[in-house]
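Below is the file query-v9.txt, which contains compact mmCIF, C-alpha atoms and all ligand atoms.
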```txt
# COMPACT_ATOMS: atom_id res chain seq x y z
CA MET A 1 0.00 0.00 0.00
CA LYS A 2 1.50 3.34 -1.10
CA LYS A 3 1.02 6.35 1.18
CA VAL A 4 0.61 9.81 -0.32
CA LEU A 5 0.28 13.14 1.47
CA VAL A 6 -1.37 15.95 -0.50
CA LEU A 7 -1.02 19.44 0.98
CA TYR A 8 -2.21 22.81 -0.31
CA TYR A 9 -3.26 26.30 0.68
CA SER A 10 -5.95 28.05 -1.35
CA GLN A 11 -8.01 31.16 -0.61
CA SER A 12 -10.71 31.46 -3.29
CA GLY A 13 -10.78 27.70 -3.85
CA GLN A 14 -9.12 27.85 -7.29
CA LEU A 15 -6.01 25.87 -6.35
CA GLU A 16 -8.24 23.61 -4.25
CA ASN A 17 -10.24 22.80 -7.42
CA VAL A 18 -7.00 21.87 -9.20
CA MET A 19 -5.89 19.70 -6.26
CA ASP A 20 -9.35 18.03 -6.11
CA ARG A 21 -8.85 16.83 -9.70
CA ILE A 22 -5.31 15.62 -9.12
CA VAL A 23 -6.19 13.86 -5.90
CA ALA A 24 -9.37 12.13 -7.20
CA PRO A 25 -7.62 9.13 -8.87
CA LEU A 26 -5.38 8.73 -5.78
CA LEU A 27 -8.38 8.67 -3.41
CA LYS A 28 -10.18 6.18 -5.68
CA SER A 29 -7.25 3.78 -5.93
CA ASP A 30 -7.44 0.65 -3.69
CA ASP A 31 -3.65 0.36 -3.44
CA ILE A 32 -3.03 3.99 -2.43
CA GLU A 33 -3.71 5.57 0.94
CA CYS A 34 -4.03 9.28 0.39
CA ASP A 35 -4.22 11.97 3.09
CA TYR A 36 -5.55 15.21 1.60
CA ARG A 37 -4.92 18.20 3.88
CA GLN A 38 -5.25 21.97 3.72
CA ILE A 39 -2.54 24.15 5.32
CA LYS A 40 -4.27 26.55 7.74
CA PRO A 41 -2.65 29.75 9.06
CA VAL A 42 -3.30 30.37 12.77
CA ASN A 43 -4.39 33.91 11.81
CA PRO A 44 -6.27 33.50 8.51
CA TYR A 45 -5.64 35.87 5.59
CA PRO A 46 -8.67 37.68 4.13
CA TYR A 47 -10.24 37.03 0.73
CA PRO A 48 -11.14 39.24 -1.04
CA TRP A 49 -8.27 41.38 0.17
CA PRO A 50 -8.56 44.92 1.54
CA PHE A 51 -6.01 46.99 -0.43
CA TYR A 52 -3.55 47.72 2.41
CA ARG A 53 -3.79 44.21 3.86
CA PHE A 54 -2.80 42.85 0.43
CA PHE A 55 0.33 44.97 0.14
CA ASN A 56 1.20 44.54 3.83
CA THR A 57 2.07 40.90 3.09
CA PHE A 58 4.63 41.99 0.48
CA PRO A 59 7.89 42.16 2.54
CA GLU A 60 7.13 39.02 4.54
CA ALA A 61 6.21 37.10 1.36
CA VAL A 62 9.33 38.22 -0.53
CA ASN A 63 11.60 37.36 2.42
CA LEU A 64 9.94 33.96 2.98
CA ASN A 65 9.21 34.83 6.62
CA GLY A 66 6.21 32.49 6.70
CA CYS A 67 3.48 32.60 9.33
CA GLU A 68 2.40 30.31 12.12
CA VAL A 69 0.29 27.43 10.78
CA GLU A 70 -1.87 24.84 12.51
CA PRO A 71 -0.30 21.38 12.88
CA ILE A 72 -1.67 18.88 10.35
CA THR A 73 -2.98 15.42 11.26
CA VAL A 74 -0.63 13.07 9.41
CA LYS A 75 0.99 9.65 9.42
CA ARG A 76 4.66 9.23 10.27
CA GLU A 77 5.91 8.32 6.78
CA TYR A 78 4.80 8.86 3.19
CA ASP A 79 6.06 7.50 -0.14
CA LEU A 80 5.20 10.74 -1.95
CA ILE A 81 4.20 14.29 -1.05
CA VAL A 82 2.19 16.47 -3.45
CA LEU A 83 2.37 20.15 -2.48
CA GLY A 84 -0.02 22.66 -4.07
CA TYR A 85 0.89 26.31 -3.64
CA THR A 86 0.01 29.74 -4.99
CA VAL A 87 2.49 32.52 -5.65
CA TRP A 88 2.47 35.70 -3.56
CA PHE A 89 4.83 38.42 -4.82
CA LEU A 90 7.06 36.00 -6.75
CA SER A 91 7.34 33.74 -3.69
CA PRO A 92 5.51 30.70 -2.33
CA SER A 93 2.49 32.05 -0.36
CA ILE A 94 3.19 32.96 3.26
CA PRO A 95 1.17 30.05 4.76
CA VAL A 96 3.05 27.52 2.58
CA ALA A 97 6.43 29.07 3.45
CA GLY A 98 5.34 28.99 7.12
CA PHE A 99 4.48 25.31 6.90
CA LEU A 100 7.74 24.41 5.14
CA LYS A 101 9.64 26.12 7.96
CA SER A 102 7.78 24.20 10.68
CA GLU A 103 9.20 21.30 12.67
CA GLN A 104 6.42 19.10 11.29
CA ALA A 105 7.59 19.75 7.72
CA GLN A 106 11.17 18.86 8.72
CA ARG A 107 10.00 15.44 9.85
CA LEU A 108 7.64 14.83 6.93
CA PHE A 109 9.76 16.00 4.00
CA LYS A 110 13.17 14.52 4.87
CA ASP A 111 14.33 12.31 1.95
CA LYS A 112 10.84 12.32 0.41
CA PRO A 113 10.03 12.75 -3.29
CA VAL A 114 7.87 15.86 -3.82
CA VAL A 115 5.59 16.96 -6.66
CA THR A 116 4.79 20.68 -6.62
CA VAL A 117 1.59 22.07 -8.17
CA ILE A 118 1.26 25.81 -8.83
CA ALA A 119 -1.82 27.84 -9.84
CA CYS A 120 -1.06 31.56 -10.19
CA ARG A 121 -1.37 34.62 -12.46
CA ASP A 122 1.64 33.82 -14.66
CA MET A 123 4.78 34.78 -12.72
CA TRP A 124 6.02 31.72 -10.85
CA LEU A 125 9.64 31.13 -11.97
CA ILE A 126 11.32 32.89 -9.03
CA ALA A 127 8.80 31.39 -6.59
CA GLN A 128 9.73 27.90 -7.80
CA GLU A 129 13.45 28.70 -7.39
CA LYS A 130 12.65 29.70 -3.79
CA MET A 131 10.57 26.53 -3.39
CA LYS A 132 13.53 24.43 -4.59
CA ALA A 133 15.72 26.05 -1.89
CA LEU A 134 13.08 25.42 0.80
CA LEU A 135 12.77 21.76 -0.25
CA ASP A 136 16.57 21.43 -0.33
CA ASP A 137 16.73 22.75 3.25
CA LEU A 138 14.28 20.03 4.25
CA GLY A 139 16.31 17.34 2.48
CA ALA A 140 13.38 16.61 0.12
CA ARG A 141 13.67 15.68 -3.58
CA LEU A 142 11.66 17.67 -6.12
CA ILE A 143 10.71 15.22 -8.87
CA ASP A 144 7.87 16.97 -10.71
CA ASN A 145 6.27 20.37 -11.12
CA VAL A 146 2.84 21.21 -12.58
CA VAL A 147 1.96 24.82 -13.37
CA MET A 148 -1.37 26.45 -14.30
CA VAL A 149 -1.68 30.12 -15.11
CA ASP A 150 -4.53 32.60 -15.47
CA GLN A 151 -6.22 33.00 -18.85
CA GLY A 152 -5.49 35.96 -21.12
CA LYS A 153 -2.37 37.84 -22.07
CA SER A 154 -0.03 39.05 -19.34
CA LEU A 155 -1.10 42.67 -19.81
CA TYR A 156 -4.77 41.71 -19.27
CA THR A 157 -4.11 39.58 -16.19
CA PHE A 158 -2.28 42.55 -14.62
CA VAL A 159 -5.84 43.94 -14.40
CA THR A 160 -8.07 40.85 -14.08
CA THR A 161 -6.11 39.07 -11.32
CA PRO A 162 -5.76 42.04 -8.90
CA ARG A 163 -9.45 42.97 -9.58
CA TRP A 164 -10.43 39.42 -8.63
CA LEU A 165 -8.23 39.32 -5.51
CA LEU A 166 -9.28 42.78 -4.25
CA THR A 167 -13.03 42.54 -5.05
CA GLY A 168 -13.80 38.82 -5.45
CA LYS A 169 -15.11 39.56 -9.01
CA LYS A 170 -13.94 37.02 -11.58
CA ASP A 171 -16.25 37.78 -14.52
CA ALA A 172 -15.14 39.05 -17.95
CA PHE A 173 -15.69 42.80 -18.48
CA TRP A 174 -15.05 45.29 -21.30
CA PHE A 175 -12.39 43.58 -23.44
CA PHE A 176 -10.85 41.71 -20.48
CA PRO A 177 -11.25 37.92 -20.16
CA LYS A 178 -12.52 36.13 -17.05
CA ALA A 179 -9.96 36.05 -14.22
CA GLY A 180 -8.20 32.90 -13.10
CA VAL A 181 -7.11 29.59 -14.60
CA PRO A 182 -9.45 28.38 -17.40
CA GLU A 183 -12.00 25.85 -16.11
CA ALA A 184 -11.06 23.42 -18.91
CA ALA A 185 -7.42 23.43 -17.74
CA ILE A 186 -8.52 22.76 -14.15
CA ALA A 187 -10.73 19.85 -15.29
CA ALA A 188 -7.90 18.47 -17.43
CA SER A 189 -5.52 18.34 -14.44
CA LEU A 190 -7.15 14.99 -13.68
CA ARG A 191 -4.53 13.53 -16.04
CA PHE A 192 -1.76 14.29 -13.54
CA GLY A 193 -3.57 12.36 -10.79
CA GLU A 194 -4.19 9.43 -13.11
CA ARG A 195 -0.52 9.31 -14.10
CA LEU A 196 0.64 9.61 -10.47
CA ALA A 197 -1.65 6.71 -9.44
CA GLU A 198 -0.23 4.57 -12.26
CA ALA A 199 3.37 5.55 -11.43
CA LEU A 200 2.88 4.78 -7.72
CA ARG A 201 1.57 1.32 -8.57
CA LYS A 202 4.79 0.72 -10.54
CA GLY A 203 7.01 2.19 -7.77
CA GLU A 204 8.27 4.96 -10.06
CA GLU A 205 8.34 7.49 -7.19
CA GLN A 206 11.45 5.71 -5.87
CA CYS A 207 13.44 6.57 -9.00
CA ARG A 208 14.80 10.10 -9.25
CA ALA A 209 13.16 10.58 -12.66
CA PRO A 210 10.03 12.71 -13.17
CA MET A 211 6.70 10.89 -13.46
CA LEU A 212 4.74 13.62 -15.28
CA ARG A 213 6.72 14.04 -18.50
CA ASN A 214 4.90 14.56 -21.83
CA LEU A 215 1.68 15.65 -20.16
CA GLY A 216 1.98 19.39 -20.71
CA ALA A 217 2.78 19.96 -17.04
CA VAL A 218 4.72 23.20 -17.58
CA ASN A 219 4.82 25.73 -20.37
CA VAL A 220 7.24 28.62 -19.82
CA ASN A 221 6.70 31.83 -21.77
CA GLY A 222 10.28 32.86 -22.66
CA LYS A 223 9.25 36.49 -23.20
CA LEU A 224 8.29 36.86 -19.52
CA ILE A 225 11.56 35.56 -18.01
CA ALA A 226 13.41 38.90 -18.09
CA SER A 227 10.41 40.82 -16.68
CA GLU A 228 10.21 38.45 -13.75
CA ARG A 229 13.92 38.70 -12.99
CA ILE A 230 13.76 42.52 -13.12
CA ALA A 231 10.63 42.57 -10.93
CA HIS A 232 12.32 40.30 -8.39
CA ARG A 233 15.31 42.62 -8.08
CA SER A 234 13.02 45.59 -7.44
CA PHE A 235 10.94 43.49 -4.98
CA LEU A 236 14.07 42.85 -2.87
CA ILE A 237 14.77 46.59 -2.60
CA TRP A 238 11.15 47.65 -1.95
CA SER A 239 10.53 44.87 0.58
CA LYS A 240 13.44 46.19 2.66
CA LEU A 241 12.12 49.77 2.45
CA ILE A 242 8.58 48.74 3.42
CA LYS A 243 9.81 46.57 6.29
CA LYS A 244 11.98 49.41 7.62
CA ALA A 245 8.97 51.77 7.54
CA GLY A 246 7.20 49.85 10.32
CA GLU A 247 5.39 46.75 11.56
CA PRO A 248 2.60 45.23 9.41
CA ASP A 249 -0.47 47.53 9.24
CA SER A 250 1.37 50.45 10.92
CA LYS A 251 0.94 54.02 9.64
CA GLY A 252 4.59 54.22 8.52
CA ARG A 253 4.36 51.02 6.51
CA ASN A 254 1.07 52.07 4.88
CA ILE A 255 2.62 55.38 3.73
CA VAL A 256 5.51 53.58 1.98
CA ILE A 257 3.01 51.04 0.58
CA THR A 258 1.02 53.90 -0.97
CA ILE A 259 4.19 55.22 -2.65
CA TYR A 260 5.05 51.69 -3.77
CA ALA A 261 1.56 51.06 -5.19
CA VAL A 262 1.78 54.25 -7.29
CA PHE A 263 5.30 53.22 -8.43
CA LEU A 264 4.03 49.71 -9.32
CA LEU A 265 1.03 51.05 -11.24
CA THR A 266 3.27 53.44 -13.21
CA LEU A 267 5.61 50.54 -13.94
CA ILE A 268 2.75 48.31 -15.13
CA LEU A 269 1.39 51.05 -17.39
CA THR A 270 4.74 52.11 -18.87
CA VAL A 271 7.79 49.88 -18.34
CA VAL A 272 5.98 46.52 -18.54
CA PRO A 273 4.40 47.01 -22.01
CA LEU A 274 7.63 48.64 -23.25
CA ASN A 275 9.70 45.77 -21.87
CA LEU A 276 7.36 43.18 -23.45
CA LEU A 277 7.68 44.97 -26.80
CA ILE A 278 11.49 45.15 -26.54
CA ARG A 279 11.65 41.45 -25.58
CA LYS A 280 9.53 40.61 -28.64
CA LEU A 281 11.82 42.63 -30.91
CA ILE A 282 15.09 41.22 -29.57
CA TYR A 283 13.77 37.65 -29.24
CA PRO A 284 15.23 36.46 -32.61
CA PHE A 285 18.72 37.68 -31.52
CA ARG A 286 18.58 36.18 -28.02
CA LYS A 287 16.67 33.05 -29.02
CA ASN A 288 19.37 30.57 -27.89
CA THR A 289 19.82 32.12 -24.43
CA ILE A 290 16.06 32.42 -23.90
CA ASP A 291 15.42 28.86 -25.12
CA LYS A 292 18.05 27.58 -22.67
CA ALA A 293 16.36 29.44 -19.81
CA VAL A 294 12.96 28.09 -20.88
CA THR A 295 14.30 24.50 -20.83
CA TYR A 296 15.80 25.11 -17.36
CA TYR A 297 12.59 26.49 -15.84
CA GLU A 298 10.46 23.75 -17.42
CA GLN A 299 12.43 21.07 -15.57
CA PRO A 300 11.81 18.53 -14.13
CA SER A 301 8.46 17.67 -15.75
CA GLY A 302 8.71 19.60 -19.02
CA ARG A 303 5.96 20.19 -21.58
C1 LIG B 401 -0.78 38.66 -1.98
C2 LIG B 401 -0.82 38.01 -3.34
C3 LIG B 401 0.25 38.17 -4.22
C4 LIG B 401 0.25 37.52 -5.46
N1 LIG B 401 1.37 37.60 -6.27
C5 LIG B 401 1.42 36.85 -7.40
C6 LIG B 401 2.63 36.81 -8.16
O1 LIG B 401 3.67 37.38 -7.82
N2 LIG B 401 2.64 36.07 -9.32
C7 LIG B 401 1.52 35.40 -9.75
O2 LIG B 401 1.61 34.77 -10.80
N3 LIG B 401 0.39 35.38 -9.02
C8 LIG B 401 0.30 36.10 -7.87
N4 LIG B 401 -0.85 36.07 -7.10
C9 LIG B 401 -2.02 35.24 -7.52
C10 LIG B 401 -2.00 33.89 -6.79
O3 LIG B 401 -0.85 33.16 -7.11
C11 LIG B 401 -3.25 33.03 -7.07
O4 LIG B 401 -3.43 32.85 -8.43
C12 LIG B 401 -4.51 33.66 -6.51
O5 LIG B 401 -4.26 34.18 -5.21
C13 LIG B 401 -5.66 32.66 -6.39
O6 LIG B 401 -5.27 31.55 -5.61
P1 LIG B 401 -6.22 30.80 -4.56
O7 LIG B 401 -6.36 29.39 -5.03
O8 LIG B 401 -5.53 30.88 -3.23
O9 LIG B 401 -7.52 31.54 -4.53
C14 LIG B 401 -0.89 36.74 -5.86
C15 LIG B 401 -1.97 36.61 -4.98
C16 LIG B 401 -1.94 37.21 -3.73
C17 LIG B 401 -3.11 37.01 -2.79
```

Please rewrite the model in this file as structure tokens.
Ligand SMILES: Cc1cc2nc3c(=O)[nH]c(=O)nc-3n(C[C@H](O)[C@H](O)[C@H](O)COP(=O)(O)O)c2cc1C
Amino acid sequence: MKKVLVLYYSQSGQLENVMDRIVAPLLKSDDIECDYRQIKPVNPYPYPWPFYRFFNTFPEAVNLNGCEVEPITVKREYDLIVLGYTVWFLSPSIPVAGFLKSEQAQRLFKDKPVVTVIACRDMWLIAQEKMKALLDDLGARLIDNVVMVDQGKSLYTFVTTPRWLLTGKKDAFWFFPKAGVPEAAIAASLRFGERLAEALRKGEEQCRAPMLRNLGAVNVNGKLIASERIAHRSFLIWSKLIKKAGEPDSKGRNIVITIYAVFLLTLILTVVPLNLLIRKLIYPFRKNTIDKAVTYYEQPSGR
């Protein structure tokens, strides 16, 4: 009997819907015992988010400070851990970072093969690099990664995703598409669960090789790589400034957050489209370098 632990943290239920599909074949299988658990912060985060609460999480998310989470009812040992997480400011969400820094995670993850599942807007590359470091610290082995991103072009999701997170409204409006991951993609994530169930029956999780190859698990948009790296550098600087300005929700911090929000909006309206255009123009000349980076970020599962 194979034992699988599936963990996730989801606010609106979007990532939970993805995990439900992936976990279904594991729960149905007679030769797999699957524990399906939600990570719960001791002090829950709001959804939809009040504006200042949303940006107040920024420095702690970027610096992987984590938060206190409730202990999870688990067995002692698992053959495989599937970890679903969302991205907050180019980092694994604070509750997930908090859990991975807990003593319980140290016991559970040591020497264990891990499959990560991400559902986010479309900027997850740096978050997954941070996730790799967190898993390394725990002595775990990342063997697969599945990524789902919000529908619509990057410039549109800069509007649709924050609108959804700050108001709870997901519907299409004007020329903008519906917010979030397409429902068809969520439904189709069943294939990952089916493949994992089959692989577990064959004992493939014990090999170091990925189990989810050739299933379209990850599709990196090469034109977004540079934007994400630039954004990350600016996030490191701004997170220090915001942290220095005061404790979460203090007046000092909220003043710097206001300045930052105006800076970010200006950036999104000017530098981001310009950068996307420049990347498009120089793509033919930098094709080899970008293709190499795409292959790197698509590991271990690939397209
Ligand atoms: C505070 C915060 C910051 C976020 N930052 C990012 C980000 O940097 N990149 C990204 O692709 N998505 C980002 N998102 C979107 C989430 O990854 C995710 O798609 C959304 O919160 C819905 O997930 P849910 O299943 O928890 O409802 C952010 C969401 C929140 C709440």

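Nearest residue to Pro95 (chain A) among A:Phe51, A:Tyr297, A:Phe176, A:Tyr8 is A:Tyr8, counting all atoms listed in the file.
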
Using all atoms listed in the file, can you tell me which of A:Pro25, A:Gly302, A:Gly13, A:Pro248 comes closest to Ile143 (chain A)?
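Of all the options, A:Gly302 lies closest to Ile143 (chain A).
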
Compute the set of protein, DNA and RNA residues whose minimum atom distance to ligand LIG 401 (chain B) is at most 7 Å, using all atoms listed in the file, and state it as a list in words.
Tyr9, Ser10, Gln11, Ser12, Gly13, Gln14, Leu15, Glu16, Phe54, Phe55, Thr57, Phe58, Thr86, Val87, Trp88, Phe89, Leu90, Ser91, Ala119, Cys120, Arg121, Asp122, Met123, Trp124, Thr161, Leu165 and Gly180 of chain A

Write out as a PDB file with C-alpha atoms, in the coordinates of the input the residues lying within 12 Å of Pro50 (chain A), counting only C-alpha atoms and excluding same-chain residues fewer than 4 positions away.
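Dumped everything to selection18.pdb:
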```pdb
ATOM      1  CA  TYR A  45      -5.640  35.870   5.590  1.00  0.00           C
ATOM      2  CA  PRO A  46      -8.670  37.680   4.130  1.00  0.00           C
ATOM      3  CA  PHE A  54      -2.800  42.850   0.430  1.00  0.00           C
ATOM      4  CA  PHE A  55       0.330  44.970   0.140  1.00  0.00           C
ATOM      5  CA  ASN A  56       1.200  44.540   3.830  1.00  0.00           C
ATOM      6  CA  THR A  57       2.070  40.900   3.090  1.00  0.00           C
ATOM      7  CA  PRO A 162      -5.760  42.040  -8.900  1.00  0.00           C
ATOM      8  CA  ARG A 163      -9.450  42.970  -9.580  1.00  0.00           C
ATOM      9  CA  TRP A 164     -10.430  39.420  -8.630  1.00  0.00           C
ATOM     10  CA  LEU A 165      -8.230  39.320  -5.510  1.00  0.00           C
ATOM     11  CA  LEU A 166      -9.280  42.780  -4.250  1.00  0.00           C
ATOM     12  CA  THR A 167     -13.030  42.540  -5.050  1.00  0.00           C
ATOM     13  CA  GLY A 168     -13.800  38.820  -5.450  1.00  0.00           C
ATOM     14  CA  ASP A 249      -0.470  47.530   9.240  1.00  0.00           C
TER      15      ASP A 249
END
```

For Thr258 (chain A), work out the shell of residues within 12 Å, counting all atoms listed in the file and skipping chain neighbours fewer than 2 positions away, then give it as number ranges by chain.
A: 51-56, 238, 242, 245, 251-256, 260-265

Separation of CA of Met19 (chain A) from CA of Leu100 (chain A) in Å
18.4 Å

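Computed from the coordinates, the CA of Thr266 (chain A) to CA of Tyr283 (chain A) distance equals 24.8 Å.
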
Please write as a PyMOL selection string the list of polymer residues whose atoms come within 10 Å of (1.6, 4.2, 1.6), counting all atoms listed in the file and keeping to the coordinates of the file.
chain A and resi 1-5+31-35+75+77-80+200

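Interatomic distance, CA of Lys153 (chain A) against CA of Pro182 (chain A): 12.7 Å.
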
Need the neighbours of (-1.5, 27.2, -13.3): which residues are at most 7 Å away, counting only C-alpha atoms, as a list in words?
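Protein, DNA and RNA residues close to (-1.5, 27.2, -13.3): Ile118, Ala119, Cys120, Val147, Met148, Val149, Asp150 and Val181 of chain A.
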
Which one is closest to Leu27 (chain A): A:Leu196, A:Leu83, A:Ala61, A:Ala140? Count only C-alpha atoms.
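Among the listed residues, the smallest separation from Leu27 (chain A) belongs to A:Leu196.
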
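Of the listed residues (A:Phe175, A:Val218, A:Met211, A:Leu276), A:Phe175 comes nearest to Gly152 (chain A); the distances count only C-alpha atoms.
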
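Between Asp20 (chain A) and the candidates A:Leu155, A:Val74, A:Ile39, A:Val6, the tightest atom-to-atom separation, counting all atoms listed in the file, involves A:Val6.
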
What's the 9 Å shell around Val272 (chain A), counting all atoms listed in the file, without same-chain residues fewer than 5 positions away, as a list in words?
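Residues near the query, excluding close chain neighbours: Leu155, Ser227, Leu267 and Leu277 of chain A.
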
Got a sec: who's within 7 Å of Val69 (chain A), counting all atoms listed in the file, leaving out chain neighbours fewer than 6 positions off, as a PyMOL selection string?
chain A and resi 39-42+95+98-99

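Distance check against Arg208 (chain A) using all atoms listed in the file: of A:Ile230, A:Leu108, A:Leu281, A:Val114, the minimum falls on A:Val114.
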
Report as JSON lines: every residue of region 148-253 of chain A with an atom at most 12 Å from region 127-132 of chain A, its closest pair of atoms, and their distance in Å to one decimal, counting all atoms listed in the file, with rows sorted by chain and ascending residue number.
```
{"residue": "A:Val218", "atom": "CA", "partner": "A:Gln128", "partner_atom": "CA", "distance": 12.0}
{"residue": "A:Glu228", "atom": "CA", "partner": "A:Ala127", "partner_atom": "CA", "distance": 10.2}
{"residue": "A:Arg229", "atom": "CA", "partner": "A:Ala127", "partner_atom": "CA", "distance": 11.0}
{"residue": "A:His232", "atom": "CA", "partner": "A:Ala127", "partner_atom": "CA", "distance": 9.7}
```

Just the residues within 7 Å of Leu190 (chain A), please, counting only C-alpha atoms, with nothing from its chain fewer than 3 positions along; format it as a short mmCIF file (atom, residue, chain, number, x, y, z; two decimals) with C-alpha atoms, in the frame of the given file.
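Okay, out_30.cif is ready:
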```
data_model
loop_
_atom_site.label_atom_id
_atom_site.label_comp_id
_atom_site.auth_asym_id
_atom_site.auth_seq_id
_atom_site.Cartn_x
_atom_site.Cartn_y
_atom_site.Cartn_z
CA ARG A 21 -8.85 16.83 -9.70
CA ILE A 22 -5.31 15.62 -9.12
CA ALA A 187 -10.73 19.85 -15.29
CA GLY A 193 -3.57 12.36 -10.79
CA GLU A 194 -4.19 9.43 -13.11
#
```
